[in-house]
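> Structure in structure tokens, see below.
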Amino acid sequence: MAFKQITSPHAHAAQNTSRVMQLVIWATVPGLIALSINFGWGSLINVILAVVTALACEATIIKLRKRPVAFYLGDYSAALTAVLLGLALPPLAPWWVVVIGSMFSIVIAKHLYGGLGYNPFNPAMVGYVVLLISFPIPMTIWVTPLALLPEGVSHPGLAESLSIVFSGYSPADGVTGATPLDLFKHSSGLVVEQIYQNNPLFSQGMFAGVGWEWVNLGFLVGGIGLIAARIFTWHGPVAMLGAMTLMSLIFWDGGSSNSPGSPLMHLFSGATMMGAFFILTDPVSSAVSNRGRLIYGALIGVLVYLIRAWGNYPDAVAFAILLANFAAPFIDNYTLPRTYGHTDRRRATEKEED
Amino acid sequence: MSEVTVADVVKNGLWTNNPALVQLLGLCPLLAVTGSVVNALGLGIATMAVLIGSNTIVSLIRRHVSDAVRLPAFVVIIAAFVTCAELLMKAFTYELYQILGIFIPLIVTNCAILGRAEAFASKNKVGLAALDGLMMGLGFLAVLVALGGIRELLGQGTLFADMHLLFGASASTWVLRPFGENYSFLIAILPPGAFLVTGFLIAIKNSIDAAAKRRGDAQKSAPVKGAKRIRTTGHIS
């Protein structure tokens with residue numbers, strides 16, 4: 001297996017890829033539940049559709065590459081990629097959006113680069129960005145959170161959701177609306193106080209927009225669980241969240257009409273927590289050493305904030321992570337840990353003395 | 001270089017040494033303007049014309065230009081032909097000229113052209129050099145059109161749209177819409193799509209070559225059992 005965990009000699013139980021991937025999939029459950037409660041059946045349908053497509057693509061490609069199909073399907077990596085993609089996509093997106101994204105993730109972003117362990121970019125985020133660039137309209141329609149639906153209206157039920165997803169018609173106007181980050185992007189003339197008062201999305205929420213805060217809390221809980229289970233270290237997520245907090249504190253300016261929003265809003269809106277704990281911790285495409293992960297995470301945090309505040313897109317986790325994936329080998333080159341027995345750190349390009 | 005034959009020149013330009021798929025030269029226009037067949041065709045024909053012209057002239061003056069100044073001389077010749085192409089396009093296909101914009105003058109910097117002048121035309125006779133220009137140009141044109149066709153079809157679901165820009169009003173009916181009216185898949189039109197489709201084309205070419213090589217190897221007679229290896233030194237054919 002190409003993907004080995006770096007363990008110290010005293011580690012007592014070997015991790016294997018399949019177990020790690022399954023644990024990460026389980027850890028997305030709180031986030032998925034929060035999404036389903038607040039935004040209806042859409043996310044679950046996305047996830048299932050994406051997983052089915054991804055497994056079919058994975059099996060086909062592995063067959064073409066003449067590798068053992070059952071062995072590679074058993075590592076759950078394709079399933080995890082698909083779960084993350086399905087969670088990132090807007091609920092009730094048309095089925096072909098999910099299918100194309102999932103195919104792109106597995107076939108082009110993963111297997112054309114050599115399969116698990118060789119992909120320089122996070123496959124789920126490549127699929128997401130391809131969709132965002134190619135189909136801007138279905139990708140920017142978000143469902144209104146349950147708490148904000150008018151009296152007597154609820155989210156479409158399972159059967160109706162399925163018919164919306166497969167018929168390709170966009171859901172009715174009443175059940176779709178702007179996300180918190182959209183609101184900030186499009187309310188440039190208002191001071192933050194007014195945005196909060198005028199939009200029930202904020203005025204009825206606790207700190208970062210109705211529904212969204214729960215989704216992010218769900219991913220936060222899952223992520224902390226994974227750190228506790230030692231699937232990944234705290235360095236990447238903490239660096240990213242720290243950098244975002246710092247950036248949004250510096251540019252918060254007390255809430256004028258130029259303010260891109262409060263630190264709490266940025267931490268608990270959009271895909272922040274999902275990105276911090278489930279995407280940037282991907283061991284294949286991130287930096288490797290702890291010091292490297294601190295830099296890598298901070299770079300992502302800064303980029304997310306920059307694009308959110310001054311870029312064209314309301315959310316930026318996917319773009320920021322792809323850009324940082326580019327930089328990961330470079331970061332690794334300068335953050336090679338000191339080997340035991342050597343006095344100084346080496347750079348990866350240095351030759352061993354003989 | 002006297003052993004270069006006409007067949008070699010043809011095969012090199014169109015396939016074995018294709019400027020776009022093997023030498024990977026001139027990628028800038030290749031990736032930038034191949035959003036549709038008509039753009040690709042326009043730029044491809046202009047490039048081919050410049051390539052034939054520059055190869056011919058460079059070959060004619062090859063004995064009269066000293067090595068020290070040969071590159072500036074080549075560039076001036078190429079620039080002259082590009083200016084001709086630009087003015088011709090302005091005169092006859094003005095709309096297409098406006099769409100292609102900066103990429104027409106940029107043909108000067110297409111390294112495939114300078115590369116052929118330096119590597120082939122400055123060392124060969126006029127006829128061969130002109131033929132090389134034609135074949136390299138055709139190879140480049142073919143890849144441009146293939147890319148343009150694939151990207152146009154994937155990206156906006158049409159094929160041969162806006163052909164009237166190049167072939168006059170009667171060609172405006174050539175457009176095909178195999179996927180219906182509302183199809184669009186923007187990434188194929190955007191730069192990432194150009195890289196992806198180019199990558200796939202290169203992969204297809206390489207796999208065809210590999211298959212041909214395998215067939216060739218299979219047809220070679222198997223070594224006779226018990227035959228001795230003969231050691232040869234100093235002569236590798």
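Chain labels follow the order of the structure tokens: the first chain is A, the next B, and so on; residue numbering restarts at 1 in every chain, and ligands are counted from 1 in their shown order.
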Could you give me, as a PyMOL selection string, the residues within 12 Å of region 13-25 of chain B, counting only C-alpha atoms and dropping anything in the same chain fewer than 4 positions from it?
chain B and resi 6-9+29-31+44+47-48+51+107+109-116+120+128-147+195+197-206+208-209
> Could you pull out all residues of region 175-237 of chain A with a DSSP call of helix (DSSP H, G or I) and give them as an MDAnalysis selection string?
chainID A and resid 175 180:186 192:198 200:203 212:228 235:237
> Just the residues within 9 Å of region 296-305 of chain A, please, counting only C-alpha atoms, with nothing from its chain fewer than 6 positions along; format it as a PyMOL selection string.
chain A and resi 235-248+260+266+272+276+280-281+286-287+315-321+323-325+327-328+331
> Looking at only C-alpha atoms, which of B:Gly149, B:Gly127, B:Gly26, B:Pro191 is the one that sits closest to chain A?
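Of the candidates, the smallest distance to chain A is held by B:Pro191.
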> Could you write out, as a VMD selection string, all the residues of region 40-201 of chain A that DSSP marks as strand (DSSP E)?
chain A and resid 142 to 143 176 to 177
> Go ahead and save the residues from that selection, with N, CA and C atoms, as an mmCIF file, in the first residue's frame.

```
data_model
loop_
_atom_site.group_PDB
_atom_site.id
_atom_site.type_symbol
_atom_site.label_atom_id
_atom_site.label_comp_id
_atom_site.auth_asym_id
_atom_site.auth_seq_id
_atom_site.Cartn_x
_atom_site.Cartn_y
_atom_site.Cartn_z
ATOM 1 N N TRP A 142 -28.623 27.543 -2.410
ATOM 2 C CA TRP A 142 -28.634 26.818 -1.138
ATOM 3 C C TRP A 142 -30.040 26.784 -0.575
ATOM 4 N N VAL A 143 -30.350 25.727 0.126
ATOM 5 C CA VAL A 143 -31.655 25.581 0.746
ATOM 6 C C VAL A 143 -31.713 26.479 1.987
ATOM 7 N N THR A 176 -35.265 28.156 -1.014
ATOM 8 C CA THR A 176 -33.849 28.439 -1.241
ATOM 9 C C THR A 176 -33.556 29.875 -0.855
ATOM 10 N N GLY A 177 -32.318 30.135 -0.490
ATOM 11 C CA GLY A 177 -31.970 31.495 -0.091
ATOM 12 C C GLY A 177 -30.475 31.659 0.019
#
```
> With the cut-off set at 8 Å and counting only C-alpha atoms, tabulate each residue of chain B with an atom at most that distance from an atom of chain A, showing the nearest atom pair and its distance in Å to one decimal, ordered by chain and increasing number, as CSV.

```
residue,atom,partner,partner_atom,distance
B:Ser184,CA,A:Ser134,CA,7.8
B:Phe185,CA,A:Ser134,CA,5.2
B:Leu186,CA,A:Ser134,CA,4.3
B:Ile187,CA,A:Ser134,CA,5.0
```
> Which is closer to Cys28 (chain B) than all the others in B:Leu106, B:Val75, B:Ala169, B:Ile52, using only C-alpha atoms?
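Nearest to Cys28 (chain B): B:Leu106.
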> Find the spatial neighbours of region 152-155 of chain B, counting only C-alpha atoms, within a cut-off of 10 Å - ignore same-chain residues fewer than 4 positions away - and output them as a count of residues only.
25
> When you look at region 43-60 of chain A with a cut-off of 7 Å (counting only C-alpha atoms), what residues show up, excluding the ones that are within fewer than 4 positions of it in the same chain? I need them as a ChimeraX atom specification.
/A:35-36,64,69,73,78-79,82-83,86-87,91,98-99,102-103,106-107
> Which residues are close to Ala178 (chain A), i.e. within 12 Å by only C-alpha atoms, leaving aside same-chain residues fewer than 6 positions away? Reply as a PyMOL selection string.
chain A and resi 90+140-145+148+184-187+199-202+209-210+212+270+314
> Taking only C-alpha atoms into account, name the residue in B:Val50, B:Asp67, B:Asn182, B:Val4 that is nearest to Leu88 (chain B).
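The shortest atom-to-atom distance to Leu88 (chain B) comes from B:Val50.
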> Go ahead and compute the interatomic distance for CA of Met163 (chain B) and CA of Ile104 (chain B), in Å to one decimal.
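Computing it gives 18.2 Å between the two atoms.
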> What's around Val76 (chain B) at 12 Å? Count only C-alpha atoms, leave out sequence neighbours fewer than 3 positions away in its own chain, and write the answer as a ChimeraX atom specification.
/B:54,57-58,69-73,79-83,108-109,114,117
> To one decimal place, how far is CA of Ala147 (chain A) from CA of Glu213 (chain A) in Å?
12.6 Å
